[in-house]
>>> print(open('data.pdb').read())   # PDB, C-alpha atoms and all ligand atoms
ATOM      1  CA  MET M  16      -3.419 -81.073  37.077
ATOM      2  CA  ASN M  17      -4.966 -80.555  33.672
ATOM      3  CA  ARG M  18      -3.130 -82.053  30.759
ATOM      4  CA  ILE M  19      -4.277 -79.235  28.462
ATOM      5  CA  GLU M  20      -4.931 -75.615  29.408
ATOM      6  CA  VAL M  21      -6.473 -73.175  26.964
ATOM      7  CA  GLU M  22      -6.373 -69.462  27.771
ATOM      8  CA  ASN M  23      -8.202 -66.702  25.921
ATOM      9  CA  LEU M  24      -8.009 -68.588  22.639
ATOM     10  CA  ASN M  25      -9.278 -66.764  19.581
ATOM     11  CA  VAL M  26      -9.046 -68.381  16.158
ATOM     12  CA  TYR M  27      -9.539 -66.690  12.801
ATOM     13  CA  PHE M  28      -9.713 -68.016   9.254
ATOM     14  CA  GLY M  29      -8.978 -64.802   7.364
ATOM     15  CA  ASP M  30     -11.461 -62.260   8.718
ATOM     16  CA  ALA M  31     -13.857 -64.858  10.090
ATOM     17  CA  HIS M  32     -13.665 -65.050  13.888
ATOM     18  CA  ILE M  33     -14.170 -68.767  14.525
ATOM     19  CA  LEU M  34     -13.253 -69.351  18.201
ATOM     20  CA  LYS M  35     -14.003 -66.575  20.659
ATOM     21  CA  ASP M  36     -12.122 -66.241  23.898
ATOM     22  CA  VAL M  37     -12.136 -69.911  24.767
ATOM     23  CA  ASN M  38     -10.875 -70.747  28.249
ATOM     24  CA  THR M  39     -10.879 -74.342  29.389
ATOM     25  CA  GLY M  40      -8.848 -77.111  30.979
ATOM     26  CA  ILE M  41      -8.810 -80.740  29.909
ATOM     27  CA  PRO M  42      -8.110 -83.160  32.761
ATOM     28  CA  LYS M  43      -5.645 -85.997  32.428
ATOM     29  CA  ASN M  44      -6.732 -89.561  31.647
ATOM     30  CA  THR M  45     -10.399 -88.802  31.222
ATOM     31  CA  VAL M  46     -12.726 -88.443  28.283
ATOM     32  CA  THR M  47     -14.013 -84.945  27.519
ATOM     33  CA  ALA M  48     -16.820 -84.631  24.974
ATOM     34  CA  LEU M  49     -17.338 -81.546  22.821
ATOM     35  CA  ILE M  50     -20.889 -81.011  21.668
ATOM     36  CA  GLY M  51     -22.637 -78.242  19.759
ATOM     37  CA  PRO M  52     -24.364 -77.551  16.464
ATOM     38  CA  SER M  53     -22.648 -77.879  13.108
ATOM     39  CA  GLY M  54     -20.127 -75.138  12.363
ATOM     40  CA  CYS M  55     -19.744 -73.954  15.974
ATOM     41  CA  GLY M  56     -15.998 -74.619  15.987
ATOM     42  CA  LYS M  57     -15.574 -77.994  17.699
ATOM     43  CA  SER M  58     -13.209 -79.418  15.066
ATOM     44  CA  THR M  59     -11.313 -76.146  14.836
ATOM     45  CA  PHE M  60     -10.873 -76.257  18.605
ATOM     46  CA  ILE M  61      -9.378 -79.755  18.742
ATOM     47  CA  ARG M  62      -7.199 -78.980  15.721
ATOM     48  CA  THR M  63      -5.603 -76.085  17.607
ATOM     49  CA  ILE M  64      -4.262 -78.551  20.171
ATOM     50  CA  ASN M  65      -1.983 -80.418  17.733
ATOM     51  CA  ARG M  66      -1.550 -77.438  15.414
ATOM     52  CA  MET M  67      -3.373 -79.060  12.515
ATOM     53  CA  ASN M  68      -4.885 -75.647  11.709
ATOM     54  CA  ASP M  69      -1.367 -74.446  10.856
ATOM     55  CA  LEU M  70      -1.867 -76.256   7.541
ATOM     56  CA  ILE M  71      -4.623 -73.774   6.609
ATOM     57  CA  PRO M  72      -3.001 -70.607   5.165
ATOM     58  CA  SER M  73      -5.717 -68.224   6.436
ATOM     59  CA  PHE M  74      -5.429 -69.500  10.047
ATOM     60  CA  SER M  75      -4.338 -67.141  12.805
ATOM     61  CA  HIS M  76      -4.853 -67.154  16.551
ATOM     62  CA  THR M  77      -4.351 -65.238  19.764
ATOM     63  CA  GLY M  78      -4.199 -66.670  23.258
ATOM     64  CA  ASN M  79      -2.433 -69.739  24.569
ATOM     65  CA  VAL M  80      -2.665 -73.512  24.479
ATOM     66  CA  TYR M  81      -0.527 -75.486  26.917
ATOM     67  CA  LEU M  82       0.179 -79.202  26.883
ATOM     68  CA  ASP M  83       1.614 -80.339  30.207
ATOM     69  CA  GLY M  84       2.522 -76.725  30.890
ATOM     70  CA  LYS M  85       4.382 -76.268  27.574
ATOM     71  CA  ASP M  86       3.216 -73.602  25.164
ATOM     72  CA  VAL M  87       2.048 -75.470  22.064
ATOM     73  CA  TYR M  88       2.542 -72.367  19.864
ATOM     74  CA  ASP M  89       6.040 -71.601  21.136
ATOM     75  CA  PRO M  90       8.151 -71.066  17.989
ATOM     76  CA  LYS M  91      10.602 -73.598  19.409
ATOM     77  CA  MET M  92       7.909 -76.295  19.648
ATOM     78  CA  ASP M  93       8.738 -79.343  17.512
ATOM     79  CA  VAL M  94       5.432 -79.760  15.660
ATOM     80  CA  VAL M  95       6.232 -83.319  14.516
ATOM     81  CA  ASP M  96       6.838 -84.309  18.122
ATOM     82  CA  LEU M  97       3.685 -82.455  19.203
ATOM     83  CA  ARG M  98       1.576 -84.410  16.703
ATOM     84  CA  LYS M  99       3.117 -87.625  17.997
ATOM     85  CA  LYS M 100       2.088 -86.686  21.524
ATOM     86  CA  VAL M 101      -1.353 -85.520  20.405
ATOM     87  CA  GLY M 102      -2.729 -88.131  18.025
ATOM     88  CA  MET M 103      -5.845 -87.689  15.973
ATOM     89  CA  VAL M 104      -8.605 -89.973  14.726
ATOM     90  CA  PHE M 105     -10.910 -88.609  12.043
ATOM     91  CA  GLN M 106     -14.562 -88.868  11.143
ATOM     92  CA  LYS M 107     -13.975 -91.223   8.235
ATOM     93  CA  PRO M 108     -11.500 -94.022   8.843
ATOM     94  CA  ASN M 109      -8.449 -93.179   6.727
ATOM     95  CA  PRO M 110      -6.093 -96.155   6.671
ATOM     96  CA  PHE M 111      -3.179 -95.977   4.267
ATOM     97  CA  PRO M 112      -3.554 -98.214   1.194
ATOM     98  CA  LYS M 113      -1.014-100.602   2.703
ATOM     99  CA  SER M 114      -1.140-103.796   4.746
ATOM    100  CA  ILE M 115      -2.685-103.881   8.218
ATOM    101  CA  PHE M 116       0.807-104.365   9.672
ATOM    102  CA  GLU M 117       2.293-101.468   7.698
ATOM    103  CA  ASN M 118      -0.469 -99.112   8.790
ATOM    104  CA  VAL M 119       0.523 -99.528  12.414
ATOM    105  CA  ALA M 120       4.274 -99.852  11.794
ATOM    106  CA  TYR M 121       4.430 -96.744   9.603
ATOM    107  CA  GLY M 122       4.653 -94.162  12.395
ATOM    108  CA  LEU M 123       7.242 -96.212  14.253
ATOM    109  CA  LYS M 124       9.501 -96.302  11.204
ATOM    110  CA  ILE M 125       9.020 -92.563  10.603
ATOM    111  CA  HIS M 126      10.089 -91.949  14.173
ATOM    112  CA  GLY M 127      13.299 -93.883  13.690
ATOM    113  CA  ILE M 128      12.554 -97.352  15.089
ATOM    114  CA  SER M 129      14.237 -99.867  12.794
ATOM    115  CA  ASP M 130      14.485-103.055  14.843
ATOM    116  CA  ASP M 131      12.054-105.557  13.266
ATOM    117  CA  ASP M 132      11.304-107.385  16.521
ATOM    118  CA  ALA M 133      10.621-104.117  18.330
ATOM    119  CA  ILE M 134       8.311-103.007  15.515
ATOM    120  CA  SER M 135       6.421-106.338  15.477
ATOM    121  CA  ALA M 136       5.987-106.242  19.244
ATOM    122  CA  ARG M 137       4.690-102.679  19.189
ATOM    123  CA  VAL M 138       2.311-103.447  16.288
ATOM    124  CA  GLU M 139       0.820-106.378  18.227
ATOM    125  CA  GLU M 140       0.594-104.339  21.425
ATOM    126  CA  SER M 141      -1.155-101.474  19.619
ATOM    127  CA  LEU M 142      -3.597-103.764  17.809
ATOM    128  CA  ARG M 143      -4.417-105.462  21.116
ATOM    129  CA  ALA M 144      -4.891-102.079  22.804
ATOM    130  CA  ALA M 145      -7.249-101.104  19.972
ATOM    131  CA  ALA M 146      -9.246-104.344  20.469
ATOM    132  CA  LEU M 147      -8.492-105.458  16.919
ATOM    133  CA  TRP M 148      -5.758-108.087  17.311
ATOM    134  CA  ASP M 149      -8.056-111.117  17.531
ATOM    135  CA  GLU M 150      -9.740-110.144  14.272
ATOM    136  CA  VAL M 151      -6.569-109.512  12.259
ATOM    137  CA  GLU M 152      -3.717-111.558  13.753
ATOM    138  CA  ASP M 153      -3.793-114.102  10.895
ATOM    139  CA  LYS M 154      -4.053-111.506   8.123
ATOM    140  CA  LEU M 155      -1.595-108.807   9.039
ATOM    141  CA  ASP M 156      -0.245-108.734   5.475
ATOM    142  CA  ASN M 157      -3.663-108.178   3.915
ATOM    143  CA  SER M 158      -4.605-104.719   2.731
ATOM    144  CA  ALA M 159      -6.197-102.502   5.375
ATOM    145  CA  MET M 160      -8.678-101.448   2.712
ATOM    146  CA  GLY M 161     -10.318-104.894   2.969
ATOM    147  CA  LEU M 162     -11.358-104.336   6.586
ATOM    148  CA  SER M 163     -14.862-103.216   7.541
ATOM    149  CA  GLY M 164     -15.393 -99.528   8.389
ATOM    150  CA  GLY M 165     -15.431-100.293  12.113
ATOM    151  CA  GLN M 166     -12.261-102.370  11.868
ATOM    152  CA  GLN M 167     -10.607 -99.609   9.829
ATOM    153  CA  GLN M 168     -11.449 -97.077  12.531
ATOM    154  CA  ARG M 169      -9.974 -99.310  15.236
ATOM    155  CA  LEU M 170      -6.917 -99.735  12.987
ATOM    156  CA  CYS M 171      -6.588 -95.942  12.813
ATOM    157  CA  ILE M 172      -6.801 -95.861  16.612
ATOM    158  CA  ALA M 173      -4.082 -98.581  16.771
ATOM    159  CA  ARG M 174      -1.951 -96.493  14.396
ATOM    160  CA  THR M 175      -2.322 -93.534  16.757
ATOM    161  CA  ILE M 176      -1.598 -95.611  19.862
ATOM    162  CA  ALA M 177       1.578 -97.048  18.280
ATOM    163  CA  ASN M 178       3.157 -93.588  18.524
ATOM    164  CA  ASN M 179       2.661 -93.651  22.273
ATOM    165  CA  PRO M 180       0.617 -90.456  22.455
ATOM    166  CA  GLU M 181      -0.492 -88.636  25.591
ATOM    167  CA  VAL M 182      -3.645 -87.180  24.107
ATOM    168  CA  ILE M 183      -5.989 -88.635  21.489
ATOM    169  CA  LEU M 184      -8.271 -86.232  19.620
ATOM    170  CA  MET M 185     -11.294 -87.929  18.086
ATOM    171  CA  ASP M 186     -13.379 -85.984  15.586
ATOM    172  CA  GLU M 187     -16.747 -87.741  15.359
ATOM    173  CA  PRO M 188     -15.003 -91.132  15.236
ATOM    174  CA  CYS M 189     -18.237 -93.132  14.992
ATOM    175  CA  SER M 190     -20.247 -91.022  12.583
ATOM    176  CA  ALA M 191     -19.470 -93.329   9.648
ATOM    177  CA  LEU M 192     -19.970 -96.549  11.635
ATOM    178  CA  ASP M 193     -22.893 -98.914  12.156
ATOM    179  CA  PRO M 194     -24.255 -99.391  15.718
ATOM    180  CA  ILE M 195     -22.241-102.555  16.448
ATOM    181  CA  SER M 196     -18.966-100.980  15.329
ATOM    182  CA  THR M 197     -19.894 -97.843  17.278
ATOM    183  CA  THR M 198     -20.316 -99.919  20.446
ATOM    184  CA  LYS M 199     -16.899-101.494  19.877
ATOM    185  CA  VAL M 200     -15.239 -98.099  19.468
ATOM    186  CA  GLU M 201     -17.047 -96.751  22.557
ATOM    187  CA  ASP M 202     -15.919 -99.792  24.585
ATOM    188  CA  LEU M 203     -12.420 -99.107  23.340
ATOM    189  CA  ILE M 204     -12.634 -95.448  24.428
ATOM    190  CA  HIS M 205     -13.575 -96.635  27.937
ATOM    191  CA  LYS M 206     -10.517 -98.847  28.005
ATOM    192  CA  LEU M 207      -8.140 -96.229  26.579
ATOM    193  CA  LYS M 208      -9.050 -93.471  29.020
ATOM    194  CA  ARG M 209      -6.995 -95.197  31.735
ATOM    195  CA  GLU M 210      -3.860 -94.337  29.805
ATOM    196  CA  TYR M 211      -4.753 -91.445  27.543
ATOM    197  CA  THR M 212      -6.432 -88.076  27.713
ATOM    198  CA  ILE M 213      -9.217 -88.210  25.154
ATOM    199  CA  LEU M 214     -11.195 -85.410  23.534
ATOM    200  CA  ILE M 215     -14.108 -86.525  21.438
ATOM    201  CA  VAL M 216     -16.273 -84.383  19.185
ATOM    202  CA  THR M 217     -19.701 -85.910  18.855
ATOM    203  CA  HIS M 218     -23.107 -84.977  17.517
ATOM    204  CA  ASN M 219     -24.609 -87.856  19.405
ATOM    205  CA  MET M 220     -25.597 -86.781  22.892
ATOM    206  CA  GLN M 221     -26.205 -90.356  24.027
ATOM    207  CA  GLN M 222     -22.642 -91.055  22.987
ATOM    208  CA  ALA M 223     -21.382 -88.107  25.033
ATOM    209  CA  THR M 224     -23.206 -89.432  28.100
ATOM    210  CA  ARG M 225     -21.961 -92.974  27.477
ATOM    211  CA  VAL M 226     -18.275 -92.230  27.011
ATOM    212  CA  SER M 227     -17.319 -88.976  28.701
ATOM    213  CA  LYS M 228     -16.741 -87.700  32.198
ATOM    214  CA  TYR M 229     -16.780 -84.029  31.187
ATOM    215  CA  THR M 230     -18.658 -82.217  28.430
ATOM    216  CA  SER M 231     -18.204 -78.773  26.912
ATOM    217  CA  PHE M 232     -21.021 -77.206  24.934
ATOM    218  CA  PHE M 233     -19.875 -74.972  22.051
ATOM    219  CA  LEU M 234     -22.062 -72.426  20.312
ATOM    220  CA  ASN M 235     -20.929 -69.911  17.683
ATOM    221  CA  GLY M 236     -17.276 -70.375  18.618
ATOM    222  CA  GLU M 237     -17.759 -69.942  22.357
ATOM    223  CA  ILE M 238     -17.857 -72.447  25.175
ATOM    224  CA  ILE M 239     -21.234 -71.809  26.727
ATOM    225  CA  GLU M 240     -20.940 -74.380  29.486
ATOM    226  CA  SER M 241     -18.513 -77.067  30.696
ATOM    227  CA  ASN M 242     -19.283 -79.497  33.465
ATOM    228  CA  LEU M 243     -19.283 -83.111  34.524
ATOM    229  CA  THR M 244     -21.287 -84.841  31.807
ATOM    230  CA  ASP M 245     -23.828 -86.182  34.307
ATOM    231  CA  LYS M 246     -24.436 -82.652  35.603
ATOM    232  CA  LEU M 247     -24.474 -80.887  32.247
ATOM    233  CA  PHE M 248     -27.125 -83.185  30.811
ATOM    234  CA  VAL M 249     -29.267 -83.430  33.941
ATOM    235  CA  ASP M 250     -29.010 -79.895  35.250
ATOM    236  CA  PRO M 251     -27.687 -77.475  32.614
ATOM    237  CA  LYS M 252     -26.942 -74.057  34.064
ATOM    238  CA  ASN M 253     -27.353 -72.115  30.833
ATOM    239  CA  LYS M 254     -30.639 -71.816  28.946
ATOM    240  CA  LYS M 255     -28.814 -72.258  25.614
ATOM    241  CA  THR M 256     -27.313 -75.560  26.798
ATOM    242  CA  GLU M 257     -30.733 -76.700  27.903
ATOM    243  CA  ASP M 258     -32.269 -75.735  24.564
ATOM    244  CA  TYR M 259     -29.565 -77.617  22.657
ATOM    245  CA  ILE M 260     -29.608 -80.821  24.683
ATOM    246  CA  THR M 261     -33.375 -80.960  24.623
ATOM    247  CA  GLY M 262     -33.293 -80.702  20.835
ATOM    248  CA  ARG M 263     -34.744 -77.191  20.423
ATOM    249  CA  PHE M 264     -32.021 -76.322  17.916
ATOM    250  CA  GLY M 265     -28.963 -77.740  16.229
TER     251      GLY M 265
HETATM  252  N1  LIG M 301     -10.295 -74.263   6.230
HETATM  253  C1  LIG M 301     -11.232 -73.386   6.569
HETATM  254  N2  LIG M 301     -11.267 -72.166   6.000
HETATM  255  C2  LIG M 301     -12.225 -71.265   6.302
HETATM  256  N3  LIG M 301     -13.206 -71.496   7.201
HETATM  257  C3  LIG M 301     -13.228 -72.690   7.799
HETATM  258  C4  LIG M 301     -12.251 -73.701   7.530
HETATM  259  N4  LIG M 301     -12.536 -74.785   8.294
HETATM  260  C5  LIG M 301     -13.639 -74.474   9.004
HETATM  261  N5  LIG M 301     -14.054 -73.223   8.718
HETATM  262  C6  LIG M 301     -15.202 -72.528   9.301
HETATM  263  O1  LIG M 301     -15.042 -72.514  10.698
HETATM  264  C7  LIG M 301     -16.286 -72.685  11.340
HETATM  265  C8  LIG M 301     -16.172 -73.794  12.349
HETATM  266  O2  LIG M 301     -16.004 -75.026  11.666
HETATM  267  P1  LIG M 301     -15.738 -76.386  12.453
HETATM  268  O3  LIG M 301     -15.513 -77.447  11.418
HETATM  269  O4  LIG M 301     -14.707 -76.174  13.467
HETATM  270  O5  LIG M 301     -17.138 -76.607  13.161
HETATM  271  P2  LIG M 301     -17.723 -77.915  13.860
HETATM  272  O6  LIG M 301     -18.403 -77.458  15.072
HETATM  273  O7  LIG M 301     -16.652 -78.927  14.010
HETATM  274  O8  LIG M 301     -18.777 -78.385  12.759
HETATM  275  P3  LIG M 301     -19.303 -79.853  12.402
HETATM  276  O9  LIG M 301     -20.019 -80.330  13.622
HETATM  277  O10 LIG M 301     -20.216 -79.624  11.247
HETATM  278  O11 LIG M 301     -18.096 -80.683  12.063
HETATM  279  C9  LIG M 301     -17.319 -72.924  10.251
HETATM  280  O12 LIG M 301     -17.986 -71.709  10.017
HETATM  281  C10 LIG M 301     -16.483 -73.309   9.069
HETATM  282  O13 LIG M 301     -17.106 -72.919   7.884
END
>>> encode(input="data.pdb", output="structure tokens")
Amino acid sequence: MNRIEVENLNVYFGDAHILKDVNTGIPKNTVTALIGPSGCGKSTFIRTINRMNDLIPSFSHTGNVYLDGKDVYDPKMDVVDLRKKVGMVFQKPNPFPKSIFENVAYGLKIHGISDDDAISARVEESLRAAALWDEVEDKLDNSAMGLSGGQQQRLCIARTIANNPEVILMDEPCSALDPISTTKVEDLIHKLKREYTILIVTHNMQQATRVSKYTSFFLNGEIIESNLTDKLFVDPKNKKTEDYITGRFG
């Protein structure tokens, strides 16, 4: 069963029609890459899944998004709980100006966990899961702002993991990172997919082929083609996909 189902999704910012009749399913515990030229709606698409677009006053939509069969836009949906289940990692690492420990513990405290031992255990578990523990275990009280960009991004992933999400949305998570840090984050994505459903927006087609099982190609707010990544890049069915992946535009 797919973890996420999207049916006839149209998104508007004011009069601008941004996503056009998007239909897709995102399988559980796999990595799905979203590719396409700048401005085609990839970020808008992932932000519909945890209702981040709700924060934009001009946003409106038609159609349905389901997470595990539940309508994400049901008026009864608890949006705080939804965002806990569907975590997000952004293009630029955005740690809080607090200690490494506090960055990961923050969400736990917000969600009502107050037992210090339980918090410490979960912080360690999350930092280990984010492949950062060995680098920070002796400086948990230092400011997160002193970490390298790559370490900060893995810290942001640890912060997301601490909330025990089901889905992790990643919006160009490596675009601000050097190649070594990028490799570490990609290795981490491989590890995380066993437990989490991951959607990753990337401009880097090599990255899509390295990390994802499925890829969807977006163009002008539409999904032009979705397939197994190996198939989409080797044997695209649509001429526009072929033109994009062979670098003819974008
Ligand atoms: N807050 C907003 N208000 C109005 N229009 C917006 C807003 N955010 C995005 N858009 C418009 O929606 C369209 C899709 O943007 P989006 O960021 O989803 O594209 P993208 O494919 O993720 O681009 P990129 O690869 O450059 O990040 C663009 O035309 C953009 O200008």
>>> resolve_selection(input="data.pdb", expression="the PyMOL selection byres (((not hetatm)) within 8 of (chain M and resi 301))", output="count of residues only")
27
>>> closest_residue(input="data.pdb", among="M:Ala120, M:Met67, M:Ala48, M:Leu234", to="Ala133 (chain M)", atoms="only C-alpha atoms")
M:Ala120
>>> residues_around(input="data.pdb", residues="region 87-102 of chain M", least_positions_apart="6", cutoff="10 Å", atoms="only C-alpha atoms", output="JSON, numbers by chain")
{"M": [19, 62, 63, 64, 65, 66, 67, 69, 76, 77, 78, 79, 80, 81, 122, 126, 172, 174, 175, 176, 177, 178, 179, 180, 181, 182, 183, 184, 185, 211, 212, 213]}
>>> resolve_selection(input="data.pdb", expression="the PyMOL selection byres (((chain M and resi 227-232) around 8) and not hetatm)", output="list in words")
Thr45, Val46, Thr47, Ala48, Leu49, Ile50, Gly51, Ala223, Thr224, Arg225, Val226, Phe233, Leu234, Ile238, Ile239, Glu240, Ser241, Asn242, Leu243, Thr244, Asp245, Leu247 and Thr256 of chain M
>>> axis_aligned_box(input="data.pdb", around="region 140-147 of chain M", padding_each_side="6 Å", output="JSON")
{"center_x": -4.3, "center_y": -103.3, "center_z": 19.9, "size_x": 21.8, "size_y": 16.4, "size_z": 17.9}
>>> closest_residue(input="data.pdb", among="M:Asp202, M:Glu117, M:Asp83, M:Asp258", to="Lys154 (chain M)", atoms="only C-alpha atoms")
M:Glu117
>>> atom_distance(input="data.pdb", atom1="CA of Met160 (chain M)", atom2="CA of Pro112 (chain M)")
6.2 Å
>>> closest_residue(input="data.pdb", among="M:Leu147, M:Leu82, M:Leu155, M:Val249", to="Thr261 (chain M)", atoms="only C-alpha atoms")
M:Val249
>>> residues_around(input="data.pdb", residues="Lys35 (chain M)", least_positions_apart="2", cutoff="9 Å", atoms="all atoms listed in the file", output="ChimeraX atom specification")
/M:23-26,32-33,37,235-238
>>> atom_distance(input="data.pdb", atom1="CA of Pro72 (chain M)", atom2="CA of Cys171 (chain M)")
26.7 Å
>>> residues_around(input="data.pdb", residues="Ala144 (chain M)", least_positions_apart="3", cutoff="10 Å", atoms="all atoms listed in the file", output="list in words")
Val138, Glu139, Glu140, Ser141, Leu147, Trp148, Arg169, Ile172, Ala173, Ile176, Ala177, Leu203, Lys206 and Leu207 of chain M
>>> write_last_selection(input="data.pdb", atoms="C-alpha atoms", output="mmCIF file, in the coordinates of the input")
data_model
loop_
_atom_site.group_PDB
_atom_site.id
_atom_site.type_symbol
_atom_site.label_atom_id
_atom_site.label_comp_id
_atom_site.auth_asym_id
_atom_site.auth_seq_id
_atom_site.Cartn_x
_atom_site.Cartn_y
_atom_site.Cartn_z
ATOM 1 C CA VAL M 138 2.311 -103.447 16.288
ATOM 2 C CA GLU M 139 0.820 -106.378 18.227
ATOM 3 C CA GLU M 140 0.594 -104.339 21.425
ATOM 4 C CA SER M 141 -1.155 -101.474 19.619
ATOM 5 C CA LEU M 147 -8.492 -105.458 16.919
ATOM 6 C CA TRP M 148 -5.758 -108.087 17.311
ATOM 7 C CA ARG M 169 -9.974 -99.310 15.236
ATOM 8 C CA ILE M 172 -6.801 -95.861 16.612
ATOM 9 C CA ALA M 173 -4.082 -98.581 16.771
ATOM 10 C CA ILE M 176 -1.598 -95.611 19.862
ATOM 11 C CA ALA M 177 1.578 -97.048 18.280
ATOM 12 C CA LEU M 203 -12.420 -99.107 23.340
ATOM 13 C CA LYS M 206 -10.517 -98.847 28.005
ATOM 14 C CA LEU M 207 -8.140 -96.229 26.579
#
>>> atom_distance(input="data.pdb", atom1="CA of Leu192 (chain M)", atom2="CA of Gln168 (chain M)")
8.6 Å
>>> residues_around(input="data.pdb", residues="Asp156 (chain M)", least_positions_apart="5", cutoff="9 Å", atoms="all atoms listed in the file", output="CSV table (one decimal) with C-alpha atoms, in the coordinates of the input")
chain,number,residue,atom,x,y,z
M,113,LYS,CA,-1.0,-100.6,2.7
M,114,SER,CA,-1.1,-103.8,4.7
M,115,ILE,CA,-2.7,-103.9,8.2
M,116,PHE,CA,0.8,-104.4,9.7
M,117,GLU,CA,2.3,-101.5,7.7
>>> resolve_selection(input="data.pdb", expression="the PyMOL selection byres (((chain M and resi 41) around 6) and not hetatm)", output="list in words")
Asn17, Arg18, Ile19, Gly40 and Pro42 of chain M
>>> closest_residue(input="data.pdb", among="M:Ile260, M:Ile125, M:Gly265, M:Leu170", to="Met220 (chain M)", atoms="all atoms listed in the file")
M:Ile260
>>> residues_around(input="data.pdb", residues="Asp193 (chain M)", least_positions_apart="5", cutoff="9 Å", atoms="only C-alpha atoms", output="PyMOL selection string")
chain M and resi 164-165+198
